[in-house]
>>> print(open('protein22.txt').read())   # compact mmCIF, C-alpha atoms
# COMPACT_ATOMS: atom_id res chain seq x y z
CA MET N 448 -14.49 19.35 2.04
CA LEU N 449 -13.21 20.20 -1.42
CA PHE N 450 -14.28 18.11 -4.39
CA LEU N 451 -12.69 18.64 -7.76
CA PRO N 452 -14.42 16.38 -10.27
CA THR N 453 -11.99 17.42 -12.96
CA VAL N 454 -9.13 15.67 -11.18
CA SER N 455 -8.37 12.57 -13.18
CA PHE N 456 -5.50 10.18 -13.12
CA ALA N 457 -3.72 10.14 -16.45
CA VAL N 458 -3.18 6.42 -16.17
CA ALA N 459 -3.27 5.87 -19.92
CA ALA N 460 -0.05 7.85 -20.25
CA LEU N 461 1.83 5.73 -17.75
CA VAL N 462 3.80 2.60 -18.50
CA PRO N 463 2.29 -0.46 -16.79
CA GLN N 464 4.72 -1.70 -14.19
CA ALA N 465 4.34 -3.01 -10.71
CA VAL N 466 7.79 -2.37 -9.33
CA PRO N 467 8.78 1.30 -9.01
CA PRO N 468 12.15 2.36 -10.39
CA ALA N 469 15.07 0.91 -8.51
CA ALA N 470 17.29 2.79 -6.18
CA PRO N 471 20.84 3.27 -7.42
CA PRO N 472 23.09 0.37 -6.46
CA THR N 473 24.25 0.81 -2.92
CA ALA N 474 27.10 -1.69 -3.04
CA SER N 475 27.92 -2.48 0.54
CA ALA N 476 27.07 0.94 1.92
CA PRO N 477 24.38 0.77 4.60
CA ILE N 478 21.10 2.46 3.79
CA ARG N 479 20.51 5.31 6.22
CA LEU N 480 17.28 7.21 6.70
CA ALA N 481 16.92 10.64 8.23
CA PRO N 482 14.52 10.94 11.17
CA PRO N 483 10.95 11.03 9.85
CA VAL N 484 9.06 14.32 9.58
CA ARG N 485 5.31 14.79 9.18
CA LEU N 486 4.14 16.00 5.79
CA LYS N 487 1.95 19.04 5.39
CA ALA N 488 -0.52 20.20 2.77
CA GLY N 489 -0.29 23.98 2.87
CA ASP N 490 0.13 24.85 6.55
CA ALA N 491 -1.73 21.85 7.94
CA PHE N 492 -0.38 18.43 8.72
CA ILE N 493 -1.90 15.76 6.52
CA ASP N 494 -4.21 13.84 8.84
CA MET N 495 -6.76 11.11 8.09
CA GLY N 496 -8.13 11.39 11.63
CA GLU N 497 -11.60 12.44 10.49
CA HIS N 498 -11.67 9.36 8.24
CA VAL N 499 -10.89 6.77 10.93
CA ALA N 500 -7.15 7.32 10.45
CA HIS N 501 -4.88 4.46 9.22
CA ALA N 502 -3.14 6.52 6.54
CA GLY N 503 -1.83 4.54 3.56
CA PRO N 504 0.26 6.74 1.23
CA ALA N 505 1.15 6.42 -2.46
CA PHE N 506 3.25 8.89 -4.44
CA LEU N 507 2.21 9.06 -8.10
CA ASP N 508 1.42 11.61 -10.79
CA PHE N 509 -2.37 11.84 -10.83
CA ASP N 510 -2.74 14.99 -12.90
CA ALA N 511 -0.12 14.16 -15.56
CA ASP N 512 1.87 17.36 -15.04
CA GLY N 513 5.15 15.49 -14.77
CA VAL N 514 5.56 15.56 -11.01
CA ARG N 515 4.28 13.05 -8.52
CA ASP N 516 1.40 13.79 -6.20
CA LEU N 517 0.28 12.14 -2.96
CA VAL N 518 -2.72 9.83 -2.57
CA VAL N 519 -3.61 8.66 0.92
CA GLY N 520 -5.99 5.83 1.74
CA ASN N 521 -7.83 5.70 5.05
CA PHE N 522 -10.02 3.41 7.13
CA SER N 523 -13.23 4.99 5.82
CA GLY N 524 -12.41 3.51 2.43
CA SER N 525 -11.71 6.73 0.53
CA PHE N 526 -8.55 8.12 -1.05
CA ALA N 527 -7.50 11.68 -0.24
CA LEU N 528 -5.69 13.57 -3.01
CA PHE N 529 -2.85 16.02 -2.46
CA ARG N 530 -1.62 17.71 -5.62
CA ASN N 531 2.06 18.59 -5.87
CA ALA N 532 2.07 22.25 -6.86
CA GLY N 533 5.83 22.42 -6.44
CA SER N 534 8.50 20.51 -8.28
CA ALA N 535 10.05 17.05 -8.25
CA ARG N 536 12.86 18.47 -6.10
CA GLU N 537 10.67 20.50 -3.76
CA PRO N 538 7.16 19.11 -3.54
CA LYS N 539 4.45 21.46 -2.23
CA LEU N 540 1.28 19.58 -1.46
CA GLU N 541 -2.24 21.00 -1.73
CA SER N 542 -5.39 19.21 -0.60
CA ARG N 543 -7.61 18.32 -3.56
CA GLY N 544 -10.47 16.44 -1.95
CA PHE N 545 -11.01 12.77 -2.61
CA LEU N 546 -10.66 10.45 -5.56
CA GLU N 547 -13.76 10.06 -7.67
CA ALA N 548 -14.64 7.33 -10.14
CA GLU N 549 -17.57 7.43 -12.54
CA GLY N 550 -18.71 10.70 -11.01
CA LYS N 551 -18.81 9.49 -7.40
CA GLU N 552 -16.40 9.64 -4.53
CA VAL N 553 -14.67 6.28 -4.26
CA ARG N 554 -15.61 4.47 -1.08
CA ILE N 555 -14.30 0.95 -0.71
CA HIS N 556 -16.16 -1.26 1.70
CA ASN N 557 -13.57 -1.41 4.43
CA TRP N 558 -15.41 -3.45 7.05
CA MET U 519 -5.95 0.89 2.78
CA GLN U 520 -2.94 1.57 0.69
CA PRO U 521 -3.42 2.41 -3.01
CA GLN U 522 -0.96 1.01 -5.54
CA LEU U 523 -0.77 0.89 -9.34
CA ALA U 524 -0.47 -2.12 -11.66
CA ASP U 525 -2.28 -3.55 -14.67
CA LEU U 526 -4.40 -6.19 -12.95
CA THR U 527 -7.12 -6.31 -15.58
CA GLY U 528 -4.77 -7.15 -18.44
CA ASP U 529 -5.79 -4.35 -20.79
CA GLY U 530 -2.42 -2.61 -20.83
CA ARG U 531 -3.53 0.27 -18.63
CA LEU U 532 -2.62 0.87 -15.03
CA ASP U 533 -5.30 0.15 -12.46
CA LEU U 534 -5.46 1.46 -8.92
CA TYR U 535 -5.86 -1.26 -6.34
CA SER U 536 -5.91 -1.64 -2.60
CA GLY U 537 -6.45 -4.26 0.04
CA CYS U 538 -8.83 -3.48 2.87
CA PHE U 539 -9.77 -4.63 6.31
CA GLU U 540 -12.75 -6.73 5.29
CA GLY U 541 -10.48 -9.20 3.51
CA GLY U 542 -10.86 -8.40 -0.21
CA LEU U 543 -8.67 -6.65 -2.76
CA TYR U 544 -10.37 -3.90 -4.76
CA VAL U 545 -9.44 -2.79 -8.26
CA LEU U 546 -10.34 0.50 -9.94
CA ALA U 547 -9.74 -0.25 -13.61
CA GLY U 548 -7.82 2.42 -15.50
CA ARG U 549 -9.88 3.91 -18.32
CA ALA U 550 -8.66 4.78 -21.81
CA GLU U 551 -9.89 8.35 -21.43
CA GLY U 552 -8.11 8.74 -18.05
CA GLY U 553 -9.42 8.21 -14.57
CA PHE U 554 -10.76 5.01 -13.14
CA ALA U 555 -13.87 2.86 -13.10
CA ALA U 556 -15.66 2.26 -9.80
CA PRO U 557 -13.99 -0.29 -7.50
CA LEU U 558 -14.67 -3.99 -7.98
CA ALA U 559 -13.47 -6.86 -5.84
CA LEU U 560 -10.73 -8.86 -7.57
CA LYS U 561 -11.73 -12.47 -8.30
CA ASP U 562 -9.83 -15.73 -8.57
CA LYS U 563 -9.93 -18.04 -11.59
CA GLY U 564 -13.04 -19.71 -10.17
CA GLY U 565 -14.95 -16.44 -10.14
CA ARG U 566 -14.89 -16.08 -6.36
CA ILE U 567 -13.80 -12.91 -4.60
CA LEU U 568 -10.09 -13.33 -3.96
CA ARG U 569 -9.49 -13.54 -0.23
CA LEU U 570 -6.68 -14.97 1.80
CA GLY U 571 -8.82 -16.68 4.43
CA GLN U 572 -11.05 -14.65 6.70
CA TYR U 573 -13.46 -12.00 5.54
CA TRP U 574 -16.34 -9.96 6.83
CA ASP U 575 -19.59 -11.49 5.62
CA ASP U 576 -22.00 -8.59 5.19
CA GLU U 577 -25.11 -10.75 4.94
CA LYS U 578 -24.36 -12.73 8.08
CA SER U 579 -22.73 -9.76 9.79
CA GLU U 580 -19.88 -11.91 11.05
CA TRP U 581 -16.31 -12.92 10.29
CA THR U 582 -16.17 -15.99 8.09
CA GLY U 583 -13.39 -18.22 6.77
CA VAL U 584 -13.17 -19.05 3.06
CA ALA U 585 -14.33 -22.69 3.05
CA ASP U 586 -11.40 -24.32 1.26
CA SER U 587 -8.64 -21.85 2.11
CA THR U 588 -5.53 -23.35 3.68
CA PHE U 589 -5.32 -20.20 5.80
CA LYS U 590 -8.87 -19.75 7.10
CA ASP U 591 -7.76 -17.77 10.13
CA GLU U 592 -5.65 -15.26 8.22
CA LEU U 593 -7.30 -11.95 7.34
CA GLY U 594 -5.75 -10.42 4.23
CA ILE U 595 -5.39 -6.66 4.65
CA GLY U 596 -3.02 -5.72 1.83
CA GLY U 597 -1.79 -6.84 -1.57
CA ALA U 598 1.03 -5.99 -3.98
CA ALA U 599 1.32 -7.08 -7.60
CA VAL U 600 4.64 -8.40 -8.87
CA ASP U 601 5.84 -10.90 -11.46
CA TRP U 602 7.03 -13.40 -8.86
CA ASP U 603 8.27 -16.10 -11.21
CA GLU U 604 9.26 -13.97 -14.21
CA ASP U 605 6.69 -15.63 -16.45
CA GLY U 606 5.43 -12.32 -17.81
CA ASP U 607 2.30 -11.87 -15.72
CA LEU U 608 1.55 -10.28 -12.38
CA ASP U 609 1.16 -12.45 -9.31
CA LEU U 610 -0.01 -11.14 -5.94
CA LEU U 611 1.68 -10.87 -2.60
CA LEU U 612 -0.89 -10.83 0.19
CA GLY U 613 -0.22 -9.56 3.70
CA SER U 614 -2.25 -10.56 6.71
CA ASN U 615 -3.46 -8.85 9.83
CA GLY U 616 -1.56 -11.55 11.68
CA GLY U 617 1.65 -10.27 10.09
CA ARG U 618 2.46 -13.00 7.54
CA LEU U 619 3.20 -12.84 3.83
CA PHE U 620 1.56 -15.06 1.21
CA LEU U 621 1.69 -15.59 -2.56
CA ARG U 622 -1.28 -15.98 -4.87
CA ARG U 623 -0.03 -17.05 -8.27
CA ASN U 624 -1.41 -15.86 -11.57
CA GLU U 625 -1.95 -19.05 -13.55
CA GLY U 626 -3.17 -17.14 -16.57
CA THR U 627 -1.35 -14.54 -18.64
CA ALA U 628 -0.72 -10.81 -18.45
CA ALA U 629 -3.66 -10.23 -20.83
CA GLN U 630 -5.93 -12.76 -19.14
CA PRO U 631 -5.08 -13.01 -15.46
CA ALA U 632 -6.36 -16.12 -13.66
CA PHE U 633 -5.45 -16.12 -10.00
CA ALA U 634 -5.02 -19.44 -8.20
CA LEU U 635 -7.76 -20.64 -5.86
CA ASP U 636 -5.54 -20.72 -2.80
CA SER U 637 -2.48 -18.97 -1.38
CA GLU U 638 1.01 -20.18 -0.54
CA SER U 639 2.73 -19.22 2.68
CA LEU U 640 6.11 -17.59 2.07
CA MET U 641 8.90 -18.83 4.28
CA SER U 642 12.40 -17.87 5.33
CA GLY U 643 14.30 -20.87 6.56
CA ASP U 644 11.92 -22.83 8.75
CA GLY U 645 9.69 -19.91 9.66
CA PRO U 646 7.06 -17.90 7.84
CA LEU U 647 7.97 -14.44 6.60
CA ALA U 648 6.44 -12.07 9.11
CA VAL U 649 6.69 -8.56 10.47
CA PRO U 650 7.12 -7.82 14.17
CA GLY U 651 3.86 -6.62 15.67
CA ALA U 652 1.74 -8.16 12.90
CA HIS U 653 -0.28 -6.03 10.38
CA LEU U 654 1.60 -6.73 7.14
CA ILE U 655 0.67 -4.58 4.13
CA PRO U 656 3.24 -5.30 1.41
CA THR U 657 4.71 -3.06 -1.24
CA VAL U 658 7.34 -4.16 -3.76
CA VAL U 659 10.39 -2.17 -4.72
CA ASP U 660 14.06 -2.79 -5.46
CA TRP U 661 15.16 -1.15 -2.23
CA ASP U 662 18.87 -2.00 -2.43
CA GLY U 663 19.27 -1.54 -6.19
CA ASP U 664 20.51 -5.08 -6.85
CA GLY U 665 18.12 -5.66 -9.75
CA LYS U 666 15.67 -7.82 -7.77
CA PHE U 667 12.46 -6.75 -6.12
CA ASP U 668 12.27 -6.58 -2.35
CA VAL U 669 9.22 -6.33 -0.12
CA LEU U 670 8.59 -3.54 2.38
CA SER U 671 5.90 -3.32 5.01
CA GLY U 672 4.91 -1.38 8.06
CA GLY U 673 3.95 -3.16 11.26
CA GLY U 674 1.32 -3.21 13.99
CA ASP U 675 3.61 -1.47 16.46
CA GLY U 676 4.82 0.96 13.81
CA GLY U 677 8.15 1.16 12.02
CA ALA U 678 9.14 0.14 8.51
CA PHE U 679 10.49 -3.28 7.56
CA TRP U 680 12.46 -4.68 4.65
CA PHE U 681 12.34 -8.26 3.39
CA ARG U 682 15.52 -8.40 1.32
CA ASN U 683 15.37 -10.63 -1.75
CA VAL U 684 18.48 -12.81 -1.69
CA GLY U 685 17.23 -15.24 -4.33
CA LYS U 686 17.44 -15.09 -8.09
CA LYS U 687 15.22 -13.55 -10.73
CA GLY U 688 12.27 -15.88 -11.13
CA ALA U 689 13.09 -17.63 -7.85
CA PRO U 690 12.83 -15.04 -5.08
CA ARG U 691 13.98 -15.90 -1.60
CA PHE U 692 13.75 -13.50 1.31
CA GLU U 693 15.54 -12.75 4.52
CA GLN U 694 13.44 -12.14 7.57
CA ALA U 695 12.25 -8.60 8.15
CA LYS U 696 14.88 -6.04 9.00
CA ALA U 697 13.83 -2.70 10.51
CA LEU U 698 14.50 0.31 8.31
CA LEU U 699 12.77 2.47 10.87
CA GLU U 700 12.36 1.11 14.38
CA PRO U 701 8.97 1.28 16.10
CA LYS U 702 9.14 3.50 19.17
CA ALA U 703 6.95 3.40 22.25
CA GLU U 704 7.79 7.03 23.03
CA ARG U 705 6.31 8.96 20.16
CA GLY U 706 4.80 12.07 21.72
CA THR U 707 1.09 12.78 21.91
CA PRO U 708 -1.42 11.87 19.21
CA GLN U 709 -1.91 15.60 18.54
CA ALA U 710 1.81 16.40 18.39
CA PRO U 711 3.67 13.19 17.65
CA ILE U 712 7.42 13.03 17.28
CA TRP U 713 7.54 9.59 15.66
CA PRO U 714 5.24 7.50 13.43
CA GLY U 715 2.55 5.66 15.34
CA GLU U 716 1.04 2.19 15.01
CA ARG U 717 -0.22 0.16 12.03
CA THR U 718 2.15 1.80 9.62
CA GLN U 719 1.79 1.58 5.83
CA ILE U 720 4.81 2.19 3.63
CA CYS U 721 5.48 3.66 0.20
CA ALA U 722 9.00 3.81 -1.27
CA ALA U 723 9.46 6.66 -3.73
CA ASP U 724 11.96 9.33 -4.68
CA TYR U 725 10.12 12.09 -2.84
CA ASP U 726 12.71 14.81 -3.28
CA GLY U 727 13.93 14.04 -6.81
CA ASP U 728 17.52 13.37 -5.77
CA GLY U 729 17.65 9.97 -7.45
CA ASP U 730 17.23 7.65 -4.49
CA LEU U 731 14.27 6.07 -2.77
CA ASP U 732 12.82 7.66 0.34
CA LEU U 733 10.09 6.27 2.57
CA LEU U 734 6.60 7.62 3.08
CA ILE U 735 4.99 6.22 6.20
CA GLY U 736 1.28 6.39 6.99
CA ASP U 737 0.22 5.71 10.56
CA PHE U 738 -2.42 5.59 13.30
CA HIS U 739 -2.38 7.52 16.57
CA SER U 740 -5.21 7.62 19.07
CA MET U 741 -6.24 8.85 22.48
CA PRO U 742 -7.46 6.18 24.91
CA TYR U 743 -11.00 5.14 24.05
CA VAL U 744 -13.60 6.38 26.53
CA GLU U 745 -17.10 5.00 26.22
CA GLY U 746 -19.64 7.68 25.40
CA GLN U 747 -17.03 10.07 24.03
CA LYS U 748 -15.81 10.61 20.51
CA TRP U 749 -12.69 8.53 19.99
CA GLU U 750 -9.94 10.92 18.92
CA MET U 751 -7.62 9.42 16.35
CA HIS U 752 -5.13 10.64 13.78
CA GLY U 753 -3.51 9.24 10.67
CA TYR U 754 -0.45 11.17 9.55
CA VAL U 755 1.96 10.76 6.65
CA TRP U 756 5.67 10.95 7.42
CA LEU U 757 8.70 11.31 5.19
CA ALA U 758 12.01 9.60 5.98
CA ARG U 759 14.58 10.74 3.43
CA ARG U 760 17.39 8.47 2.46
CA GLU U 761 20.64 10.12 3.51
>>> encode(input="protein22.txt", output="structure tokens")
Amino acid sequence: MLFLPTVSFAVAALVPQAVPPAAPPTASAPIRLAPPVRLKAGDAFIDMGEHVAHAGPAFLDFDADGVRDLVVGNFSGSFALFRNAGSAREPKLESRGFLEAEGKEVRIHNW
Amino acid sequence: MQPQLADLTGDGRLDLYSGCFEGGLYVLAGRAEGGFAAPLALKDKGGRILRLGQYWDDEKSEWTGVADSTFKDELGIGGAAVDWDEDGDLDLLLGSNGGRLFLRRNEGTAAQPAFALDSESLMSGDGPLAVPGAHLIPTVVDWDGDGKFDVLSGGGDGGAFWFRNVGKKGAPRFEQAKALLEPKAERGTPQAPIWPGERTQICAADYDGDGDLDLLIGDFHSMPYVEGQKWEMHGYVWLARRE
């Protein structure tokens, strides 16, 4: 398991808002989604199976490099980090261990 | 657990927060120097841990209902912050394991949040807002670009659902859940799935930078449980691009 204590969310640089940016107006056009595909980090599928599964994703810029990264919660109560080493157009995710706070891996008491 | 960002501590910085399966909502306060403080359970204006109804009591080692909650039997498993009534502060939408959606109002201000002591059930017509298959973990986003926030959630049987806001700013009103992605019983094996599994959790974001919102879907797949053997389970993240 990889731990990178230098990973820090640049939250101070972000504008506080709860609702993400809106989609462009769709008028009356129906919203269509392509069939879902599983995301990978490197060559491996992202999988919270070793952490009691129940993946809960969020897409946000945790290293303040201008592109969004992936954070995934799980049933163990931790948050897995996947840095986007690609671009906003073509994300390339790399596993970066788990979120730490105050020098310790975050572990929320999840029953 | 699904992480989300909002300023729930009122200091002008974004905090990371997440519901969980023991009934509380945890906040990692954003720090001025970057990063987060250790998680703390969010409290209501009375200083009690904010819970919808049921919670896991560690001391008693049993499920317990909040004494004066209107919804003692509802276990809150997810929360999403949004300014429900356009009064300038963040209120909370709470989702339950039973699949219903609730509101906990902020009776304070943006700088000094004070969450109400009890929740309100959110309705559509005569029925409560609910997702098929239960397991509602809400996220807020303007999915249809009409200038009003909508609510998305996964569901116990999988899929992704949209509660469309057909009300007005400051007075939201929602249609019942509409499937954006249908749950499917045939989804391959847990090791090589072809479709998202159960207990889905949803994030709407522009994943590919093309200017529209896509869906990220977290899930749960498992092999049948066999006593005495390690229970094999998986939790993948899927991308459904908006076409």
>>> atom_distance(input="protein22.txt", atom1="atom CA of U:Ala628", atom2="atom CA of U:Leu546")
17.1 Å
>>> closest_residue(input="protein22.txt", among="N:Pro483, N:Gly489, N:Pro477, N:Gly496", to="N:Glu541", atoms="only C-alpha atoms")
N:Gly489
>>> residues_around(input="protein22.txt", residues="N:Phe506", least_positions_apart="2", cutoff="6 Å", atoms="all atoms listed in the file", output="NGL selection string")
:N and (515-517)
>>> atom_distance(input="protein22.txt", atom1="atom CA of U:Ala710", atom2="atom CA of U:Arg759")
20.5 Å
>>> atom_distance(input="protein22.txt", atom1="atom CA of N:His498", atom2="atom CA of N:Phe522")
6.3 Å
>>> residues_around(input="protein22.txt", residues="U:Thr582", least_positions_apart="3", cutoff="10 Å", atoms="all atoms listed in the file", output="PDB file with C-alpha atoms, in the coordinates of the input")
ATOM      1  CA  GLY U 541     -10.480  -9.200   3.510  1.00  0.00           C
ATOM      2  CA  GLY U 571      -8.820 -16.680   4.430  1.00  0.00           C
ATOM      3  CA  GLN U 572     -11.050 -14.650   6.700  1.00  0.00           C
ATOM      4  CA  TYR U 573     -13.460 -12.000   5.540  1.00  0.00           C
ATOM      5  CA  TRP U 574     -16.340  -9.960   6.830  1.00  0.00           C
ATOM      6  CA  ASP U 575     -19.590 -11.490   5.620  1.00  0.00           C
ATOM      7  CA  ASP U 576     -22.000  -8.590   5.190  1.00  0.00           C
ATOM      8  CA  LYS U 578     -24.360 -12.730   8.080  1.00  0.00           C
ATOM      9  CA  SER U 579     -22.730  -9.760   9.790  1.00  0.00           C
ATOM     10  CA  ALA U 585     -14.330 -22.690   3.050  1.00  0.00           C
ATOM     11  CA  LYS U 590      -8.870 -19.750   7.100  1.00  0.00           C
ATOM     12  CA  ASP U 591      -7.760 -17.770  10.130  1.00  0.00           C
ATOM     13  CA  LEU U 593      -7.300 -11.950   7.340  1.00  0.00           C
TER      14      LEU U 593
END
>>> closest_residue(input="protein22.txt", among="N:Ala535, N:Leu546, N:Ala491, N:Ala481", to="N:Val518", atoms="only C-alpha atoms")
N:Leu546
>>> closest_atom_pairs(input="protein22.txt", of="chain U", to="chain N", cutoff="6 Å", atoms="all atoms listed in the file", output="Markdown table")
| residue | atom | partner | partner_atom | distance |
| --- | --- | --- | --- | --- |
| U:Met519 | CA | N:Gly520 | CA | 5.0 |
| U:Gln520 | CA | N:Gly503 | CA | 4.3 |
| U:Ala524 | CA | N:Ala465 | CA | 5.0 |
| U:Asp525 | CA | N:Pro463 | CA | 5.9 |
| U:Arg531 | CA | N:Ala459 | CA | 5.8 |
| U:Leu532 | CA | N:Pro463 | CA | 5.4 |
| U:Cys538 | CA | N:Asn557 | CA | 5.4 |
| U:Phe539 | CA | N:Asn557 | CA | 5.3 |
| U:Glu540 | CA | N:Trp558 | CA | 4.6 |
| U:Ala550 | CA | N:Ala459 | CA | 5.8 |
| U:Gly552 | CA | N:Ala457 | CA | 4.9 |
| U:Gly553 | CA | N:Phe456 | CA | 4.6 |
| U:Phe554 | CA | N:Ala548 | CA | 5.4 |
| U:Ala555 | CA | N:Ala548 | CA | 5.4 |
| U:Ala556 | CA | N:Ala548 | CA | 5.2 |
| U:Ala599 | CA | N:Ala465 | CA | 5.9 |
| U:Val600 | CA | N:Ala465 | CA | 5.7 |
| U:Val658 | CA | N:Val466 | CA | 5.9 |
| U:Val659 | CA | N:Val466 | CA | 5.3 |
| U:Asp660 | CA | N:Ala469 | CA | 4.9 |
| U:Trp661 | CA | N:Ala470 | CA | 6.0 |
| U:Gly663 | CA | N:Pro472 | CA | 4.3 |
| U:Gln719 | CA | N:Gly503 | CA | 5.2 |
| U:Cys721 | CA | N:Ala505 | CA | 5.8 |
| U:Asp726 | CA | N:Arg536 | CA | 4.6 |
| U:Gly727 | CA | N:Arg536 | CA | 4.6 |
| U:Asp730 | CA | N:Ala470 | CA | 5.1 |
| U:Leu731 | CA | N:Ala470 | CA | 5.6 |
| U:Gly736 | CA | N:Ala502 | CA | 4.4 |
| U:Asp737 | CA | N:Ala502 | CA | 5.3 |
| U:Phe738 | CA | N:His501 | CA | 4.9 |
| U:Met751 | CA | N:Gly496 | CA | 5.1 |
| U:His752 | CA | N:Gly496 | CA | 3.8 |
| U:Gly753 | CA | N:Ala500 | CA | 4.1 |
| U:Tyr754 | CA | N:Asp494 | CA | 4.7 |
| U:Val755 | CA | N:Leu486 | CA | 5.7 |
| U:Trp756 | CA | N:Arg485 | CA | 4.2 |
| U:Leu757 | CA | N:Pro483 | CA | 5.2 |
| U:Ala758 | CA | N:Pro483 | CA | 4.3 |
| U:Arg759 | CA | N:Ala481 | CA | 5.3 |
| U:Arg760 | CA | N:Leu480 | CA | 4.4 |
| U:Glu761 | CA | N:Leu480 | CA | 5.5 |
>>> residues_near_point(input="protein22.txt", point="(0.3, 6.7, 16.4)", cutoff="7 Å", atoms="all atoms listed in the file", output="list in words")
Pro708, Pro714, Gly715, Glu716, Asp737, Phe738, His739 and Ser740 of chain U
>>> closest_residue(input="protein22.txt", among="U:Arg705, U:Arg717, U:Arg682, U:Arg623", to="U:His653", atoms="all atoms listed in the file")
U:Arg717
>>> axis_aligned_box(input="protein22.txt", around="stretch 497-511 of chain N", padding_each_side="4 Å", output="lines of an AutoDock Vina configuration file")
center_x = -4.2
center_y = 9.7
center_z = -2.3
size_x = 22.9
size_y = 18.5
size_z = 34.5
>>> residues_around(input="protein22.txt", residues="U:Lys696", least_positions_apart="3", cutoff="12 Å", atoms="all atoms listed in the file", output="MDAnalysis selection string")
(chainID N and resid 478) or (chainID U and resid 647:650 668:673 677:683 692:693 699:701)
>>> residues_around(input="protein22.txt", residues="U:Gly606", least_positions_apart="4", cutoff="10 Å", atoms="all atoms listed in the file", output="ChimeraX atom specification")
/U:600-602,624,626-629
>>> residues_around(input="protein22.txt", residues="U:Ala598", least_positions_apart="2", cutoff="7 Å", atoms="only C-alpha atoms", output="PDB file with C-alpha atoms, keeping the file's coordinate frame")
ATOM      1  CA  VAL U 600       4.640  -8.400  -8.870  1.00  0.00           C
ATOM      2  CA  LEU U 610      -0.010 -11.140  -5.940  1.00  0.00           C
ATOM      3  CA  LEU U 611       1.680 -10.870  -2.600  1.00  0.00           C
ATOM      4  CA  LEU U 612      -0.890 -10.830   0.190  1.00  0.00           C
ATOM      5  CA  PRO U 656       3.240  -5.300   1.410  1.00  0.00           C
ATOM      6  CA  THR U 657       4.710  -3.060  -1.240  1.00  0.00           C
ATOM      7  CA  VAL U 658       7.340  -4.160  -3.760  1.00  0.00           C
TER       8      VAL U 658
END
>>> decode(input="protein22.txt", residues="stretch 551-563 of chain U", atoms="N, CA and C atoms", output="mmCIF file, in the first residue's frame")
data_model
loop_
_atom_site.group_PDB
_atom_site.id
_atom_site.type_symbol
_atom_site.label_atom_id
_atom_site.label_comp_id
_atom_site.auth_asym_id
_atom_site.auth_seq_id
_atom_site.Cartn_x
_atom_site.Cartn_y
_atom_site.Cartn_z
ATOM 1 N N GLU U 551 -3.710 26.090 5.631
ATOM 2 C CA GLU U 551 -2.455 25.725 4.994
ATOM 3 C C GLU U 551 -2.623 24.588 3.977
ATOM 4 N N GLY U 552 -3.879 24.178 3.729
ATOM 5 C CA GLY U 552 -4.149 23.059 2.829
ATOM 6 C C GLY U 552 -4.360 21.789 3.628
ATOM 7 N N GLY U 553 -4.989 20.826 3.017
ATOM 8 C CA GLY U 553 -5.288 19.588 3.728
ATOM 9 C C GLY U 553 -6.467 19.744 4.674
ATOM 10 N N PHE U 554 -6.666 18.703 5.453
ATOM 11 C CA PHE U 554 -7.846 18.665 6.313
ATOM 12 C C PHE U 554 -7.481 18.284 7.736
ATOM 13 N N ALA U 555 -8.363 18.711 8.661
ATOM 14 C CA ALA U 555 -8.265 18.227 10.042
ATOM 15 C C ALA U 555 -8.875 16.832 10.114
ATOM 16 N N ALA U 556 -8.624 16.145 11.202
ATOM 17 C CA ALA U 556 -9.174 14.800 11.407
ATOM 18 C C ALA U 556 -10.704 14.874 11.444
ATOM 19 N N PRO U 557 -11.372 13.794 11.066
ATOM 20 C CA PRO U 557 -12.835 13.827 10.993
ATOM 21 C C PRO U 557 -13.508 13.994 12.347
ATOM 22 N N LEU U 558 -14.567 14.806 12.338
ATOM 23 C CA LEU U 558 -15.403 14.986 13.531
ATOM 24 C C LEU U 558 -16.855 14.821 13.120
ATOM 25 N N ALA U 559 -17.648 14.248 13.994
ATOM 26 C CA ALA U 559 -19.074 14.093 13.703
ATOM 27 C C ALA U 559 -19.745 15.463 13.729
ATOM 28 N N LEU U 560 -20.548 15.743 12.712
ATOM 29 C CA LEU U 560 -21.282 17.006 12.655
ATOM 30 C C LEU U 560 -22.355 17.001 13.751
ATOM 31 N N LYS U 561 -22.560 18.191 14.364
ATOM 32 C CA LYS U 561 -23.538 18.277 15.458
ATOM 33 C C LYS U 561 -24.676 19.215 15.102
ATOM 34 N N ASP U 562 -25.810 19.018 15.780
ATOM 35 C CA ASP U 562 -26.946 19.915 15.565
ATOM 36 C C ASP U 562 -26.828 21.115 16.497
ATOM 37 N N LYS U 563 -27.811 21.996 16.471
ATOM 38 C CA LYS U 563 -27.693 23.237 17.252
ATOM 39 C C LYS U 563 -27.755 22.974 18.761
#
